[in-house]
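Text of work00.csv (CSV, C-alpha atoms) as supplied:
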chain,number,residue,atom,x,y,z
A,1,MET,CA,-6.5,9.5,3.2
A,2,PRO,CA,-5.4,11.6,0.2
A,3,GLU,CA,-7.7,11.2,-2.8
A,4,ASN,CA,-4.9,9.8,-5.0
A,5,ASP,CA,-4.5,6.8,-2.6
A,6,TRP,CA,-7.9,5.3,-3.6
A,7,TRP,CA,-6.3,2.1,-4.8
A,8,GLN,CA,-4.6,1.3,-1.4
A,9,THR,CA,-7.7,0.8,0.6
A,10,GLU,CA,-9.2,-2.6,1.4
A,11,GLU,CA,-12.6,-1.5,0.0
A,12,ASN,CA,-10.9,-0.6,-3.3
A,13,ASP,CA,-8.7,-3.7,-3.7
A,14,ALA,CA,-10.5,-4.5,-6.9
A,15,VAL,CA,-11.2,-1.6,-9.2
A,16,ALA,CA,-12.9,-1.9,-12.6
A,17,THR,CA,-11.0,-1.3,-15.8
A,18,LYS,CA,-12.5,1.3,-18.1
A,19,ARG,CA,-14.4,0.0,-21.1
A,20,GLU,CA,-12.3,2.1,-23.5
A,21,LEU,CA,-9.3,-0.1,-22.5
A,22,TRP,CA,-10.7,-3.6,-22.4
A,23,GLN,CA,-13.3,-3.5,-25.2
A,24,PRO,CA,-10.8,-3.0,-28.1
A,25,PHE,CA,-8.9,-6.1,-26.9
A,26,ALA,CA,-12.2,-8.1,-26.6
A,27,LYS,CA,-12.9,-7.2,-30.3
A,28,ALA,CA,-9.4,-8.0,-31.3
A,29,VAL,CA,-9.4,-11.5,-29.8
A,30,GLY,CA,-13.0,-12.5,-30.7
A,31,GLY,CA,-14.4,-11.8,-27.2
A,32,PHE,CA,-13.5,-12.9,-23.7
A,33,ASP,CA,-14.8,-16.2,-22.5
A,34,LEU,CA,-13.9,-15.7,-18.8
A,35,ASP,CA,-13.2,-12.9,-16.4
A,36,PRO,CA,-11.9,-14.9,-13.3
A,37,ALA,CA,-11.6,-11.8,-11.0
A,38,ALA,CA,-14.9,-10.0,-11.8
A,39,GLY,CA,-17.4,-8.3,-9.7
A,40,CYS,CA,-16.7,-4.6,-9.7
A,41,GLU,CA,-17.0,-3.7,-13.3
A,42,PRO,CA,-20.1,-1.7,-14.4
A,43,THR,CA,-20.3,-3.8,-17.6
A,44,GLN,CA,-19.7,-7.5,-17.8
A,45,ILE,CA,-16.5,-8.1,-19.7
A,46,ALA,CA,-16.6,-11.8,-20.5
A,47,THR,CA,-19.3,-14.4,-21.3
A,48,GLU,CA,-18.6,-16.1,-18.0
A,49,ARG,CA,-17.2,-14.5,-14.8
A,50,TYR,CA,-16.2,-15.4,-11.3
A,51,THR,CA,-16.8,-13.0,-8.5
A,52,LYS,CA,-15.1,-13.2,-5.1
A,53,GLU,CA,-17.7,-15.6,-3.9
A,54,ASP,CA,-16.9,-18.0,-6.8
A,55,ASP,CA,-13.1,-18.0,-5.9
A,56,GLY,CA,-11.6,-17.6,-9.4
A,57,LEU,CA,-8.2,-18.8,-8.2
A,58,THR,CA,-9.6,-22.3,-7.8
A,59,SER,CA,-12.4,-22.4,-10.3
A,60,PRO,CA,-11.7,-23.8,-13.9
A,61,TRP,CA,-10.2,-21.3,-16.4
A,62,PHE,CA,-10.9,-21.7,-20.1
A,63,GLY,CA,-10.8,-20.0,-23.5
A,64,ASN,CA,-9.9,-16.3,-23.9
A,65,ILE,CA,-9.3,-14.6,-20.5
A,66,TRP,CA,-9.5,-11.0,-19.3
A,67,LEU,CA,-7.7,-10.5,-16.0
A,68,ASN,CA,-7.8,-7.5,-13.7
A,69,PRO,CA,-6.8,-9.1,-10.4
A,70,PRO,CA,-7.2,-7.6,-6.9
A,71,PHE,CA,-4.3,-5.2,-6.3
A,72,SER,CA,-3.3,-6.9,-3.0
A,73,ASP,CA,-2.9,-10.4,-4.5
A,74,LYS,CA,-1.6,-10.0,-8.1
A,75,GLY,CA,1.1,-12.7,-7.9
A,76,ALA,CA,-1.3,-15.6,-7.2
A,77,TRP,CA,-3.6,-14.5,-10.1
A,78,TYR,CA,-0.8,-14.0,-12.7
A,79,LYS,CA,0.7,-17.3,-11.6
A,80,ARG,CA,-2.7,-19.0,-12.2
A,81,LEU,CA,-3.0,-17.3,-15.6
A,82,VAL,CA,0.4,-18.5,-16.7
A,83,THR,CA,0.0,-22.1,-15.4
A,84,GLN,CA,-3.4,-22.4,-17.0
A,85,TYR,CA,-2.1,-21.0,-20.3
A,86,GLU,CA,0.9,-23.4,-20.3
A,87,HIS,CA,-1.4,-26.3,-19.4
A,88,GLY,CA,-3.6,-25.5,-22.4
A,89,ASP,CA,-6.8,-24.5,-20.6
A,90,VAL,CA,-6.4,-20.9,-21.5
A,91,ASP,CA,-6.1,-20.2,-25.3
A,92,ARG,CA,-5.4,-16.5,-25.1
A,93,ALA,CA,-5.2,-13.9,-22.3
A,94,VAL,CA,-5.1,-10.2,-21.7
A,95,ALA,CA,-4.2,-8.9,-18.3
A,96,ILE,CA,-3.7,-5.5,-16.8
A,97,ALA,CA,-1.3,-4.5,-14.0
A,98,GLN,CA,0.4,-1.6,-12.3
A,99,VAL,CA,3.8,-1.2,-13.8
A,100,GLY,CA,6.2,-3.0,-11.4
A,101,THR,CA,8.9,-4.6,-13.5
A,102,ASP,CA,11.1,-5.1,-10.4
A,103,ALA,CA,8.4,-7.1,-8.5
A,104,ASP,CA,8.6,-10.9,-8.2
A,105,TRP,CA,5.1,-11.3,-9.7
A,106,PHE,CA,6.3,-9.5,-12.8
A,107,GLN,CA,9.6,-11.3,-13.1
A,108,GLU,CA,8.1,-14.7,-12.6
A,109,TRP,CA,4.7,-14.5,-14.3
A,110,PHE,CA,3.8,-11.3,-16.1
A,111,SER,CA,7.0,-11.1,-18.1
A,112,THR,CA,6.0,-14.4,-19.8
A,113,ALA,CA,3.5,-12.5,-21.9
A,114,ASP,CA,4.2,-12.5,-25.6
A,115,VAL,CA,3.8,-8.7,-25.7
A,116,ILE,CA,3.6,-6.1,-22.9
A,117,THR,CA,2.2,-2.6,-23.5
A,118,PHE,CA,3.2,0.2,-21.2
A,119,ILE,CA,0.1,2.4,-21.4
A,120,ASN,CA,0.4,6.1,-22.2
A,121,GLY,CA,-1.3,8.1,-19.5
A,122,ARG,CA,-2.9,7.1,-16.2
A,123,ASP,CA,-6.6,6.8,-16.8
A,124,CYS,CA,-7.3,3.0,-16.9
A,125,TYR,CA,-9.6,2.5,-14.0
A,126,HIS,CA,-13.0,3.6,-12.7
A,127,GLN,CA,-12.2,5.3,-9.4
A,128,ARG,CA,-12.5,8.5,-7.5
A,129,GLY,CA,-9.3,10.6,-7.7
A,130,ASN,CA,-6.5,10.0,-10.1
A,131,GLU,CA,-4.2,7.0,-10.6
A,132,ASN,CA,-0.8,7.9,-9.3
A,133,PHE,CA,0.8,4.9,-11.0
A,134,ALA,CA,1.4,3.7,-14.6
A,135,SER,CA,-0.3,0.6,-15.9
A,136,MET,CA,0.6,-2.1,-18.4
A,137,ILE,CA,-1.2,-4.8,-20.4
A,138,GLY,CA,0.2,-8.2,-21.0
A,139,VAL,CA,-1.1,-10.4,-23.9
A,140,TRP,CA,-0.5,-14.1,-24.2
A,141,ASN,CA,-0.9,-15.6,-27.7
A,142,PRO,CA,-2.0,-12.3,-29.2
A,143,THR,CA,-3.8,-11.9,-32.5
A,144,GLN,CA,-2.4,-9.4,-34.9
A,145,LYS,CA,-5.4,-7.2,-34.2
A,146,ALA,CA,-4.5,-7.4,-30.4
A,147,ILE,CA,-1.0,-6.3,-31.2
A,148,ASP,CA,-2.3,-3.4,-33.2
A,149,VAL,CA,-4.6,-2.3,-30.3
A,150,ALA,CA,-1.6,-2.6,-27.9
A,151,ARG,CA,0.5,-0.4,-30.2
A,152,ARG,CA,-2.2,2.3,-30.2
A,153,LEU,CA,-2.2,2.4,-26.4
A,154,GLY,CA,1.5,2.9,-25.7
A,155,THR,CA,4.9,1.4,-25.9
A,156,VAL,CA,4.9,-2.3,-26.8
A,157,VAL,CA,7.8,-4.6,-25.9
A,158,GLU,CA,8.3,-8.3,-26.5
A,159,PRO,CA,10.1,-9.9,-23.6
A,160,MET,CA,13.1,-11.9,-24.5
A,161,GLU,CA,13.1,-15.6,-23.7
A,162,LYS,CA,14.5,-16.4,-20.3
A,163,ASN,CA,17.8,-18.3,-20.4
A,164,PRO,CA,18.1,-20.5,-17.3
A,165,ASN,CA,21.9,-19.9,-17.3
A,166,GLN,CA,21.6,-16.1,-17.6
A,167,THR,CA,22.4,-14.2,-14.5
A,168,THR,CA,20.8,-10.9,-13.5
A,169,LEU,CA,22.9,-7.7,-13.3
Let's see the structure in the file written out as structure tokens.
Amino acid sequence: MPENDWWQTEENDAVATKRELWQPFAKAVGGFDLDPAAGCEPTQIATERYTKEDDGLTSPWFGNIWLNPPFSDKGAWYKRLVTQYEHGDVDRAVAIAQVGTDADWFQEWFSTADVITFINGRDCYHQRGNENFASMIGVWNPTQKAIDVARRLGTVVEPMEKNPNQTTL
């Protein structure tokens, strides 16, 4: 397998986000209470974390969330984030994803973020080889400091509200 395809293997379904990316957001939101898809990072990101054995998709979510879901199952994780946020269990969330604005998981769930940053460069993960894809960060209920962090990382957009009567082109 070519070195740039590191993220497509079953062993690398979950790859840790670099500290330089998540730590400024942690400081900007007063820390993360929960990392529901943890286990591969060299440094614990949140006060509480769920590993694969804890089944973060069914365990309770609360407080400020950091989410870097498994590459193979993004949709279920972003759906859970948004439903828990809308239900009031999650106060604030920061999530990372590969850029995929045409994907169903983006259209249905990730696009509900209050701000989305398309990150400059391709150096967001701990891995062997180089990322051959762009990444983005979504923030739900951002603080002004989190918006400032997002602006330093790349191009920030604020998704428009979805109109149920609007048709796609």
Handout entry: Residue nearest Glu53 in chain A among A:Pro69, A:Gly154, A:Gly138, A:Pro36 (counting all atoms listed in the file)
Key =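 Looking only at the distances to Glu53 in chain A, the closest residue turns out to be A:Pro36.
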Practice task
Would you list the contacts of Gln84 in chain A as a ChimeraX atom specification, taking every protein, DNA or RNA residue within 12 Å and counting only C-alpha atoms, but skipping same-chain residues closer than 6 positions in sequence?
Solution key: /A:36,57-65,77-78,90-93,109,140
Practice task
Pick out the residues sitting within 10 Å of Thr101 in chain A, and hand them over as a list in words; count only C-alpha atoms, and ignore anything fewer than 3 positions along from it in its own chain.
Solution key: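 What passes the distance filter is Gln98, Asp104, Trp105, Phe106, Gln107, Phe110, Ser111 and Met136 of chain A.
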Problem - Å distance separating CA of Ala146 in chain A from CA of Ala28 in chain A, one decimal place - result: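 So the two atoms, CA of Ala146 in chain A and CA of Ala28 in chain A, lie 5.0 Å apart.
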Handout entry: Given all atoms listed in the file as the counted atoms, nearest of A:Ala38, A:Leu21, A:Val94, A:Ala103 to Ile119 in chain A
Key =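 Using all atoms listed in the file, the shortest distance to Ile119 in chain A belongs to A:Leu21.
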Handout entry: Å distance separating CA of Glu158 in chain A from CA of Ile116 in chain A, one decimal place
Key =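 If I compute the distance from CA of Glu158 in chain A to CA of Ile116 in chain A, I get 6.3 Å.
Using all atoms listed in the file, the smallest distance between any of A:Thr83, A:Ser72, A:Thr51, A:Ser135 and Thr112 in chain A comes from A:Thr83.
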Practice task
Between CA of Gln44 in chain A and CA of Asp89 in chain A, measure the distance and give it in Å to one decimal.
Solution key: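 Between these atoms lies a distance of 21.5 Å.
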Handout entry: Nearest candidate to Gln23 in chain A (options A:Ile147, A:Ala76, A:Ala113, A:Ile45; using all atoms listed in the file)
Key =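 That would be A:Ile45, the residue with the smallest distance to Gln23 in chain A.
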Problem - Option closest in space to Asp114 in chain A, from A:Ala46, A:Leu67, A:Leu153, A:Val139 [counting all atoms listed in the file] - result: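 Answer, going by the shortest atom-to-atom distance: A:Val139.
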Exercise for the section: For each of A:Asp148, A:Asp73, A:Asp55, A:Asp33, take the minimum atom-to-atom distance to Val115 in chain A, counting all atoms listed in the file, then give the residue where this is smallest. Expected result: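 Ranking A:Asp148, A:Asp73, A:Asp55, A:Asp33 by distance to Val115 in chain A, first place goes to A:Asp148.
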Any chance you could model N, CA and C atoms for range 73-94 of chain A and send them as a PDB file, in the frame of the given file?
ATOM      1  N   ASP A  73      -3.220  -8.993  -4.330  1.00  0.00           N
ATOM      2  CA  ASP A  73      -2.900 -10.400  -4.500  1.00  0.00           C
ATOM      3  C   ASP A  73      -2.526 -10.717  -5.958  1.00  0.00           C
ATOM      4  N   LYS A  74      -1.834  -9.812  -6.625  1.00  0.00           N
ATOM      5  CA  LYS A  74      -1.600 -10.000  -8.100  1.00  0.00           C
ATOM      6  C   LYS A  74      -0.793 -11.257  -8.366  1.00  0.00           C
ATOM      7  N   GLY A  75       0.209 -11.549  -7.576  1.00  0.00           N
ATOM      8  CA  GLY A  75       1.100 -12.700  -7.900  1.00  0.00           C
ATOM      9  C   GLY A  75       0.348 -13.992  -8.061  1.00  0.00           C
ATOM     10  N   ALA A  76      -0.557 -14.304  -7.158  1.00  0.00           N
ATOM     11  CA  ALA A  76      -1.300 -15.600  -7.200  1.00  0.00           C
ATOM     12  C   ALA A  76      -2.144 -15.627  -8.513  1.00  0.00           C
ATOM     13  N   TRP A  77      -2.722 -14.498  -8.891  1.00  0.00           N
ATOM     14  CA  TRP A  77      -3.600 -14.500 -10.100  1.00  0.00           C
ATOM     15  C   TRP A  77      -2.751 -14.584 -11.360  1.00  0.00           C
ATOM     16  N   TYR A  78      -1.622 -13.891 -11.458  1.00  0.00           N
ATOM     17  CA  TYR A  78      -0.800 -14.000 -12.700  1.00  0.00           C
ATOM     18  C   TYR A  78      -0.166 -15.397 -12.747  1.00  0.00           C
ATOM     19  N   LYS A  79       0.179 -15.966 -11.611  1.00  0.00           N
ATOM     20  CA  LYS A  79       0.700 -17.300 -11.600  1.00  0.00           C
ATOM     21  C   LYS A  79      -0.365 -18.297 -12.146  1.00  0.00           C
ATOM     22  N   ARG A  80      -1.589 -18.143 -11.702  1.00  0.00           N
ATOM     23  CA  ARG A  80      -2.700 -19.000 -12.200  1.00  0.00           C
ATOM     24  C   ARG A  80      -2.887 -18.823 -13.679  1.00  0.00           C
ATOM     25  N   LEU A  81      -2.860 -17.578 -14.151  1.00  0.00           N
ATOM     26  CA  LEU A  81      -3.000 -17.300 -15.600  1.00  0.00           C
ATOM     27  C   LEU A  81      -1.964 -18.070 -16.377  1.00  0.00           C
ATOM     28  N   VAL A  82      -0.715 -17.905 -15.991  1.00  0.00           N
ATOM     29  CA  VAL A  82       0.400 -18.500 -16.700  1.00  0.00           C
ATOM     30  C   VAL A  82       0.332 -20.033 -16.673  1.00  0.00           C
ATOM     31  N   THR A  83       0.057 -20.592 -15.511  1.00  0.00           N
ATOM     32  CA  THR A  83       0.000 -22.100 -15.400  1.00  0.00           C
ATOM     33  C   THR A  83      -1.157 -22.621 -16.216  1.00  0.00           C
ATOM     34  N   GLN A  84      -2.309 -21.943 -16.205  1.00  0.00           N
ATOM     35  CA  GLN A  84      -3.400 -22.400 -17.000  1.00  0.00           C
ATOM     36  C   GLN A  84      -3.182 -22.259 -18.489  1.00  0.00           C
ATOM     37  N   TYR A  85      -2.482 -21.213 -18.871  1.00  0.00           N
ATOM     38  CA  TYR A  85      -2.100 -21.000 -20.300  1.00  0.00           C
ATOM     39  C   TYR A  85      -1.127 -22.100 -20.713  1.00  0.00           C
ATOM     40  N   GLU A  86      -0.096 -22.326 -19.909  1.00  0.00           N
ATOM     41  CA  GLU A  86       0.900 -23.400 -20.300  1.00  0.00           C
ATOM     42  C   GLU A  86       0.277 -24.753 -20.261  1.00  0.00           C
ATOM     43  N   HIS A  87      -0.725 -24.984 -19.437  1.00  0.00           N
ATOM     44  CA  HIS A  87      -1.400 -26.300 -19.400  1.00  0.00           C
ATOM     45  C   HIS A  87      -2.351 -26.472 -20.569  1.00  0.00           C
ATOM     46  N   GLY A  88      -2.709 -25.367 -21.265  1.00  0.00           N
ATOM     47  CA  GLY A  88      -3.600 -25.500 -22.400  1.00  0.00           C
ATOM     48  C   GLY A  88      -5.036 -25.170 -22.151  1.00  0.00           C
ATOM     49  N   ASP A  89      -5.386 -24.854 -20.908  1.00  0.00           N
ATOM     50  CA  ASP A  89      -6.800 -24.500 -20.600  1.00  0.00           C
ATOM     51  C   ASP A  89      -7.164 -23.137 -21.058  1.00  0.00           C
ATOM     52  N   VAL A  90      -6.198 -22.234 -21.078  1.00  0.00           N
ATOM     53  CA  VAL A  90      -6.400 -20.900 -21.500  1.00  0.00           C
ATOM     54  C   VAL A  90      -5.813 -20.750 -22.938  1.00  0.00           C
ATOM     55  N   ASP A  91      -6.614 -20.323 -23.901  1.00  0.00           N
ATOM     56  CA  ASP A  91      -6.100 -20.200 -25.300  1.00  0.00           C
ATOM     57  C   ASP A  91      -5.376 -18.879 -25.483  1.00  0.00           C
ATOM     58  N   ARG A  92      -5.894 -17.829 -24.874  1.00  0.00           N
ATOM     59  CA  ARG A  92      -5.400 -16.500 -25.100  1.00  0.00           C
ATOM     60  C   ARG A  92      -5.722 -15.692 -23.840  1.00  0.00           C
ATOM     61  N   ALA A  93      -4.881 -14.735 -23.452  1.00  0.00           N
ATOM     62  CA  ALA A  93      -5.200 -13.900 -22.300  1.00  0.00           C
ATOM     63  C   ALA A  93      -4.703 -12.510 -22.432  1.00  0.00           C
ATOM     64  N   VAL A  94      -5.459 -11.602 -21.817  1.00  0.00           N
ATOM     65  CA  VAL A  94      -5.100 -10.200 -21.700  1.00  0.00           C
ATOM     66  C   VAL A  94      -5.234  -9.818 -20.275  1.00  0.00           C
TER      67      VAL A  94
END
